[in-house]
$ cat data.txt   # compact mmCIF, C-alpha atoms
# COMPACT_ATOMS: atom_id res chain seq x y z
CA ASN A 1 31.38 30.19 9.11
CA ASP A 2 28.69 32.61 7.99
CA ALA A 3 26.61 29.90 6.31
CA LYS A 4 23.03 29.89 7.51
CA LYS A 5 21.60 26.82 9.18
CA ASP A 6 18.87 26.72 6.53
CA ASP A 7 21.54 26.04 3.90
CA PHE A 8 22.11 22.60 5.45
CA LYS A 9 18.48 21.55 5.85
CA VAL A 10 17.38 18.49 3.90
CA ARG A 11 13.99 18.77 2.24
CA LYS A 12 11.45 16.63 4.05
CA ILE A 13 10.26 13.71 1.94
CA LYS A 14 6.47 13.76 1.65
CA VAL A 15 4.65 10.44 2.02
CA LYS A 16 0.94 9.82 1.57
CA VAL A 17 -0.92 6.57 2.26
CA VAL A 18 -4.18 6.20 0.32
CA GLY A 19 -6.85 3.64 1.19
CA LEU A 20 -9.19 2.64 -1.63
CA GLY A 21 -12.73 1.44 -0.87
CA GLY A 22 -14.10 0.28 2.46
CA GLY A 23 -11.37 -2.32 2.97
CA GLY A 24 -8.56 0.09 2.09
CA ALA A 25 -10.06 2.75 4.35
CA SER A 26 -10.10 0.27 7.21
CA VAL A 27 -6.40 -0.53 6.71
CA VAL A 28 -5.41 3.13 6.44
CA SER A 29 -7.42 4.00 9.54
CA GLU A 30 -5.59 1.37 11.57
CA VAL A 31 -2.18 2.29 10.14
CA ALA A 32 -2.74 6.01 10.81
CA SER A 33 -3.10 5.37 14.53
CA LEU A 34 0.41 3.85 14.55
CA LEU A 35 2.19 6.16 12.10
CA LYS A 36 1.80 9.84 12.96
CA THR A 37 4.30 11.46 10.60
CA TYR A 38 2.68 10.76 7.24
CA SER A 39 -0.52 11.86 5.45
CA PHE A 40 -3.50 9.52 5.17
CA VAL A 41 -6.51 9.60 2.87
CA ALA A 42 -9.44 7.21 2.56
CA CYS A 43 -11.17 7.23 -0.84
CA ASP A 44 -14.61 5.80 -1.54
CA THR A 45 -17.94 6.48 -3.22
CA ASP A 46 -19.79 5.36 -0.09
CA VAL A 47 -20.20 8.27 2.33
CA ARG A 48 -20.64 5.83 5.24
CA THR A 49 -16.91 5.12 5.05
CA ALA A 50 -16.25 8.64 6.34
CA LYS A 51 -17.91 7.72 9.64
CA LYS A 52 -15.67 4.67 10.12
CA ILE A 53 -12.23 6.23 9.67
CA LYS A 54 -10.20 7.40 12.64
CA LYS A 55 -8.90 10.84 13.46
CA GLY A 56 -5.99 11.89 11.27
CA VAL A 57 -7.40 10.35 8.09
CA LYS A 58 -8.92 12.64 5.46
CA PHE A 59 -11.88 11.43 3.43
CA PHE A 60 -12.11 11.84 -0.36
CA GLN A 61 -15.45 10.99 -1.91
CA PHE A 62 -16.02 10.62 -5.64
CA GLY A 63 -19.03 9.61 -7.74
CA GLN A 64 -21.42 11.60 -5.55
CA GLU A 65 -23.58 12.82 -8.43
CA ALA A 66 -24.07 9.35 -9.92
CA LEU A 67 -24.40 7.28 -6.75
CA ASP A 68 -25.71 9.84 -4.25
CA GLY A 69 -23.24 8.70 -1.61
CA THR A 70 -23.74 4.93 -1.91
CA GLY A 71 -21.30 2.16 -2.82
CA THR A 72 -20.62 0.77 -6.29
CA GLY A 73 -22.17 -2.62 -5.55
CA MET A 74 -19.03 -4.54 -6.55
CA ASN A 75 -19.19 -2.92 -9.99
CA ALA A 76 -15.53 -2.32 -10.90
CA VAL A 77 -16.41 -0.96 -14.34
CA LEU A 78 -18.67 1.69 -12.80
CA ALA A 79 -16.03 2.61 -10.21
CA GLN A 80 -13.44 3.08 -12.95
CA LYS A 81 -15.81 5.27 -14.98
CA LEU A 82 -16.61 7.49 -11.98
CA ALA A 83 -12.94 7.84 -11.05
CA ASN A 84 -12.03 8.83 -14.60
CA GLU A 85 -14.69 11.53 -14.50
CA GLU A 86 -12.93 13.07 -11.48
CA LYS A 87 -9.36 12.41 -12.55
CA GLU A 88 -8.25 16.01 -11.98
CA LYS A 89 -9.43 15.96 -8.35
CA ILE A 90 -7.73 12.62 -7.83
CA GLU A 91 -4.46 13.99 -9.17
CA GLN A 92 -4.57 16.70 -6.50
CA ILE A 93 -4.26 13.98 -3.84
CA PHE A 94 -0.79 13.15 -5.17
CA GLN A 95 0.44 16.66 -5.95
CA GLY A 96 3.78 17.43 -4.31
CA GLN A 97 4.16 13.92 -2.87
CA ASP A 98 7.42 11.97 -3.15
CA ILE A 99 6.08 8.54 -2.16
CA CYS A 100 2.52 7.33 -2.17
CA VAL A 101 1.25 3.98 -0.98
CA LEU A 102 -2.07 2.68 -2.33
CA VAL A 103 -3.84 0.12 -0.17
CA GLY A 104 -6.96 -1.82 -1.08
CA CYS A 105 -8.86 -5.09 -1.03
CA LEU A 106 -9.33 -6.36 -4.57
CA GLY A 107 -12.38 -8.18 -5.87
CA GLY A 108 -14.95 -5.45 -5.24
CA GLY A 109 -15.67 -2.13 -6.91
CA VAL A 110 -13.52 0.80 -5.82
CA ALA A 111 -10.07 -0.75 -5.28
CA SER A 112 -10.36 -2.96 -8.38
CA GLY A 113 -12.03 -0.45 -10.70
CA ALA A 114 -10.88 2.96 -9.49
CA GLY A 115 -7.49 1.69 -8.25
CA PRO A 116 -5.84 1.79 -11.70
CA VAL A 117 -7.10 5.39 -12.17
CA PHE A 118 -5.52 6.43 -8.86
CA ALA A 119 -2.30 4.64 -9.87
CA GLN A 120 -2.26 6.53 -13.18
CA ALA A 121 -2.82 9.81 -11.34
CA ALA A 122 0.13 9.07 -9.04
CA LYS A 123 2.29 8.28 -12.06
CA ASP A 124 1.24 11.54 -13.75
CA GLN A 125 2.34 13.43 -10.63
CA LYS A 126 5.72 11.66 -10.90
CA CYS A 127 5.79 10.22 -7.39
CA ILE A 128 7.02 6.77 -6.41
CA SER A 129 3.92 4.63 -6.00
CA ILE A 130 3.78 1.36 -4.08
CA GLY A 131 0.60 -0.72 -4.02
CA ILE A 132 -0.32 -3.16 -1.25
CA PHE A 133 -3.42 -5.13 -2.23
CA THR A 134 -5.19 -8.22 -0.98
CA LEU A 135 -6.81 -11.02 -2.95
CA PRO A 136 -10.28 -12.17 -1.86
CA PHE A 137 -10.87 -15.10 0.48
CA LEU A 138 -11.63 -18.32 -1.41
CA PHE A 139 -15.14 -18.45 0.02
CA GLU A 140 -15.91 -15.14 -1.72
CA GLY A 141 -16.09 -16.95 -5.05
CA GLU A 142 -14.44 -17.09 -8.45
CA LYS A 143 -16.12 -13.94 -9.75
CA LYS A 144 -14.40 -11.72 -7.18
CA MET A 145 -11.07 -13.45 -7.81
CA LYS A 146 -11.41 -12.80 -11.55
CA ILE A 147 -12.08 -9.10 -10.89
CA ALA A 148 -9.03 -8.99 -8.61
CA ARG A 149 -6.71 -10.63 -11.16
CA LYS A 150 -7.77 -8.19 -13.88
CA ALA A 151 -7.17 -5.26 -11.54
CA ILE A 152 -3.63 -6.47 -10.73
CA THR A 153 -2.72 -6.43 -14.43
CA GLU A 154 -4.00 -2.86 -14.79
CA LEU A 155 -2.43 -1.64 -11.54
CA LYS A 156 1.02 -2.94 -12.46
CA GLU A 157 1.07 -0.78 -15.59
CA ASN A 158 1.33 2.41 -13.54
CA LEU A 159 2.60 1.52 -10.07
CA SER A 160 6.32 1.58 -9.31
CA GLY A 161 5.86 -1.66 -7.42
CA ILE A 162 3.08 -3.87 -6.10
CA ILE A 163 2.76 -6.32 -3.21
CA ILE A 164 -0.08 -8.84 -3.40
CA VAL A 165 -1.30 -10.57 -0.25
CA SER A 166 -3.74 -13.47 -0.22
CA ASN A 167 -6.37 -13.01 2.49
CA GLU A 168 -6.49 -16.79 2.77
CA LYS A 169 -2.92 -16.81 4.14
CA ILE A 170 -4.00 -15.09 7.33
CA PHE A 171 -5.56 -18.32 8.57
CA GLN A 172 -2.13 -19.95 8.43
CA LEU A 173 -0.84 -17.43 10.96
CA THR A 174 -3.78 -17.37 13.36
CA ASP A 175 -6.25 -19.70 15.01
CA LYS A 176 -8.48 -21.00 12.22
CA LYS A 177 -11.50 -20.35 14.44
CA ILE A 178 -10.68 -16.65 14.63
CA SER A 179 -13.51 -14.31 13.63
CA LEU A 180 -13.33 -12.63 10.24
CA LYS A 181 -13.23 -9.19 11.88
CA LYS A 182 -10.24 -10.16 14.04
CA ALA A 183 -8.49 -11.79 11.07
CA LEU A 184 -8.78 -8.60 9.02
CA SER A 185 -7.55 -6.49 11.95
CA TYR A 186 -4.58 -8.84 12.25
CA LEU A 187 -3.85 -8.30 8.55
CA ASN A 188 -4.08 -4.52 9.01
CA GLN A 189 -1.46 -4.72 11.75
CA PHE A 190 0.87 -6.55 9.36
CA PHE A 191 0.42 -3.78 6.80
CA ALA A 192 1.21 -1.15 9.43
CA LEU A 193 4.38 -3.01 10.41
CA TRP A 194 5.48 -3.30 6.78
CA LEU A 195 4.96 0.40 6.16
CA MET A 196 6.86 1.34 9.30
CA GLU A 197 9.76 -0.95 8.41
CA LEU A 198 9.94 0.22 4.80
CA LEU A 199 9.83 3.91 5.63
CA ASP A 200 12.21 3.52 8.58
CA VAL A 201 14.81 1.98 6.26
CA VAL A 202 14.79 5.15 4.19
CA PHE A 203 14.22 7.85 6.79
CA LYS A 204 15.98 6.72 9.97
CA PRO A 205 19.77 7.11 10.32
CA SER A 206 21.59 3.81 10.65
CA LEU A 207 25.04 2.24 10.33
CA ILE A 208 24.58 2.00 6.55
CA ASN A 209 22.28 4.78 5.41
CA ILE A 210 19.77 4.21 2.66
CA ASP A 211 18.11 7.36 1.41
CA PHE A 212 15.29 8.45 -0.87
CA ALA A 213 17.64 8.49 -3.88
CA ASP A 214 18.35 4.78 -3.34
CA LEU A 215 14.64 4.03 -3.23
CA LYS A 216 14.11 5.96 -6.46
CA THR A 217 16.90 3.96 -8.12
CA ILE A 218 15.40 0.64 -7.03
CA LEU A 219 11.92 1.64 -8.24
CA LYS A 220 12.92 3.77 -11.21
CA ASP A 221 10.71 1.82 -13.62
CA ARG A 222 7.07 0.79 -13.32
CA GLY A 223 5.44 -2.58 -12.85
CA HIS A 224 7.74 -4.27 -10.34
CA THR A 225 6.38 -7.12 -8.27
CA LEU A 226 7.77 -6.47 -4.81
CA PHE A 227 8.70 -8.92 -2.08
CA PHE A 228 8.95 -7.52 1.41
CA SER A 229 10.27 -9.36 4.42
CA GLN A 230 12.34 -9.00 7.55
CA ALA A 231 14.39 -11.36 9.69
CA GLN A 232 16.34 -11.26 12.92
CA GLY A 233 19.08 -13.46 14.27
CA SER A 234 21.17 -13.84 17.40
CA GLY A 235 24.01 -16.02 18.57
CA SER A 236 26.83 -17.53 16.57
CA ASN A 237 24.56 -18.60 13.68
CA ARG A 238 22.72 -15.28 13.36
CA VAL A 239 23.87 -14.57 9.80
CA GLU A 240 22.82 -18.03 8.59
CA ASP A 241 19.47 -17.68 10.37
CA ILE A 242 18.80 -14.32 8.74
CA LEU A 243 19.75 -15.55 5.27
CA LYS A 244 17.49 -18.57 5.68
CA ASN A 245 14.48 -16.57 6.86
CA ILE A 246 14.73 -13.29 4.95
CA PHE A 247 13.23 -14.77 1.78
CA HIS A 248 10.15 -16.13 3.52
CA ASN A 249 7.02 -14.15 4.23
CA ASN A 250 4.02 -16.22 5.30
CA LEU A 251 1.57 -13.70 3.86
CA LEU A 252 3.11 -13.79 0.39
CA SER A 253 2.73 -16.75 -1.93
CA GLU A 254 6.34 -17.81 -2.51
CA PRO A 255 9.96 -16.66 -2.22
CA PRO A 256 11.07 -14.21 -4.94
CA LYS A 257 12.65 -15.48 -8.13
CA ASN A 258 14.93 -13.73 -10.62
CA VAL A 259 15.49 -10.80 -8.27
CA LYS A 260 16.77 -7.75 -10.17
CA ARG A 261 17.29 -5.26 -7.33
CA ALA A 262 17.35 -5.25 -3.54
CA LEU A 263 16.95 -2.50 -0.97

$ encode --input "data.txt" --output "structure tokens"
Amino acid sequence: NDAKKDDFKVRKIKVKVVGLGGGGASVVSEVASLLKTYSFVACDTDVRTAKKIKKGVKFFQFGQEALDGTGTGMNAVLAQKLANEEKEKIEQIFQGQDICVLVGCLGGGVASGAGPVFAQAAKDQKCISIGIFTLPFLFEGEKKMKIARKAITELKENLSGIIIVSNEKIFQLTDKKISLKKALSYLNQFFALWLMELLDVVFKPSLINIDFADLKTILKDRGHTLFFSQAQGSGSNRVEDILKNIFHNNLLSEPPKNVKRAL
């Protein structure tokens, strides 16, 4: 009876969402306006990115001395070198975090080159790290796709899990005459929904509770390819409808195979 209320408090799980490069910063900025309870950081060499992010998103700039506040010019090798030179500062972003989500658009400089350095830093800080990355549009050319594919291989070495989205898929879900700006905003909204759904599963009480320990068990190793989806059903065939639709996500390439674990 004399136990203090503090004795029954559960430690708050700390979550940080990190946008890499201009594309990642754009995603994080849009997500931050919808999710108020988590920390958001946009990381880039280009100081102009700081002017584009919304309130509630911190800006982390690296490579200032070498680039004087400009971009990397699609040079992934340079971005990786500059990130490695500031590895200690990058590690501070992930200090004390339980879950971090890295978001970026592959095929350019920062997300592709510096992304693996950020992933390594998250691993060194022993936090669960989930990556959500996009592949370039086909019209952007084979060179950017090659850079993106190489980055995926390096990212998987250190991330707990990774979700890869093809930008090209967005045109299957929208009017093909949609502007590129609107298409990317549409994609950002999907990312925001995914993050809300994933974090809600862990942090919101429900009939069958799933907690942070379950998430750690599912992602206890590194290098998982993740498949994320949701489905709803109603009426007498609701279970069959959910089972039929849960393994389909129009933004991901194909249904998962050889599934080892499910959350």

$ closest_residue --input "data.txt" --among "A:Phe203, A:Phe60, A:Phe247, A:Phe227" --to "Ile162 in chain A" --atoms "only C-alpha atoms"
A:Phe227

$ atom_distance --input "data.txt" --atom1 "CA of Ser112 in chain A" --atom2 "CA of Asp221 in chain A"
22.2 Å

$ residues_around --input "data.txt" --residues "Gln97 in chain A" --least-positions-apart "6" --cutoff "10 Å" --atoms "all atoms listed in the file" --output "tab-separated table (two decimals) with C-alpha atoms, keeping the file's coordinate frame"
chain	number	residue	atom	x	y	z
A	13	ILE	CA	10.26	13.71	1.94
A	14	LYS	CA	6.47	13.76	1.65
A	15	VAL	CA	4.65	10.44	2.02
A	16	LYS	CA	0.94	9.82	1.57
A	39	SER	CA	-0.52	11.86	5.45
A	122	ALA	CA	0.13	9.07	-9.04
A	125	GLN	CA	2.34	13.43	-10.63
A	126	LYS	CA	5.72	11.66	-10.90
A	127	CYS	CA	5.79	10.22	-7.39
A	128	ILE	CA	7.02	6.77	-6.41
A	129	SER	CA	3.92	4.63	-6.00

$ closest_residue --input "data.txt" --among "A:Phe94, A:Phe40, A:Phe118, A:Phe137" --to "Val27 in chain A" --atoms "only C-alpha atoms"
A:Phe40

$ atom_distance --input "data.txt" --atom1 "CA of Leu219 in chain A" --atom2 "CA of Leu34 in chain A"
25.6 Å

$ residues_around --input "data.txt" --residues "range 210-215 of chain A" --least-positions-apart "6" --cutoff "10 Å" --atoms "all atoms listed in the file" --output "list in words"
Ile13, Asp98, Ile99, Ile128, Leu199, Asp200, Val201, Val202, Phe203, Lys204, Ala262 and Leu263 of chain A

$ decode --input "data.txt" --residues "range 208-225 of chain A" --atoms "N, CA and C atoms" --output "compact mmCIF listing (two decimals), in the first residue's frame"
# COMPACT_ATOMS: atom_id res chain seq x y z
N ILE A 208 -4.85 -7.60 -27.79
CA ILE A 208 -3.64 -8.41 -27.63
C ILE A 208 -2.46 -7.45 -27.69
N ASN A 209 -1.83 -7.22 -26.56
CA ASN A 209 -0.76 -6.22 -26.51
C ASN A 209 0.54 -6.75 -27.09
N ILE A 210 1.15 -5.91 -27.89
CA ILE A 210 2.49 -6.17 -28.41
C ILE A 210 3.37 -5.07 -27.87
N ASP A 211 4.47 -5.41 -27.22
CA ASP A 211 5.28 -4.35 -26.65
C ASP A 211 6.66 -4.27 -27.28
N PHE A 212 7.48 -3.38 -26.73
CA PHE A 212 8.81 -3.13 -27.27
C PHE A 212 9.67 -4.39 -27.24
N ALA A 213 9.48 -5.22 -26.20
CA ALA A 213 10.25 -6.46 -26.10
C ALA A 213 9.95 -7.39 -27.28
N ASP A 214 8.68 -7.42 -27.72
CA ASP A 214 8.31 -8.24 -28.87
C ASP A 214 9.01 -7.74 -30.14
N LEU A 215 9.02 -6.41 -30.29
CA LEU A 215 9.67 -5.83 -31.45
C LEU A 215 11.16 -6.15 -31.46
N LYS A 216 11.78 -6.10 -30.30
CA LYS A 216 13.21 -6.43 -30.20
C LYS A 216 13.46 -7.88 -30.57
N THR A 217 12.55 -8.76 -30.17
CA THR A 217 12.69 -10.19 -30.50
C THR A 217 12.60 -10.42 -32.00
N ILE A 218 11.61 -9.75 -32.62
CA ILE A 218 11.42 -9.91 -34.06
C ILE A 218 12.63 -9.40 -34.83
N LEU A 219 13.22 -8.30 -34.36
CA LEU A 219 14.33 -7.65 -35.08
C LEU A 219 15.65 -7.81 -34.35
N LYS A 220 15.83 -8.96 -33.69
CA LYS A 220 17.02 -9.12 -32.84
C LYS A 220 18.31 -9.22 -33.65
N ASP A 221 18.23 -9.62 -34.90
CA ASP A 221 19.42 -9.68 -35.75
C ASP A 221 19.44 -8.48 -36.67
N ARG A 222 20.41 -8.43 -37.55
CA ARG A 222 20.51 -7.33 -38.52
C ARG A 222 20.25 -7.87 -39.93
N GLY A 223 19.88 -6.98 -40.82
CA GLY A 223 19.80 -7.33 -42.23
C GLY A 223 18.49 -7.89 -42.72
N HIS A 224 17.42 -7.79 -41.93
CA HIS A 224 16.13 -8.30 -42.38
C HIS A 224 15.56 -7.44 -43.51
N THR A 225 14.96 -8.10 -44.49
CA THR A 225 14.12 -7.38 -45.44
C THR A 225 12.71 -7.43 -44.89
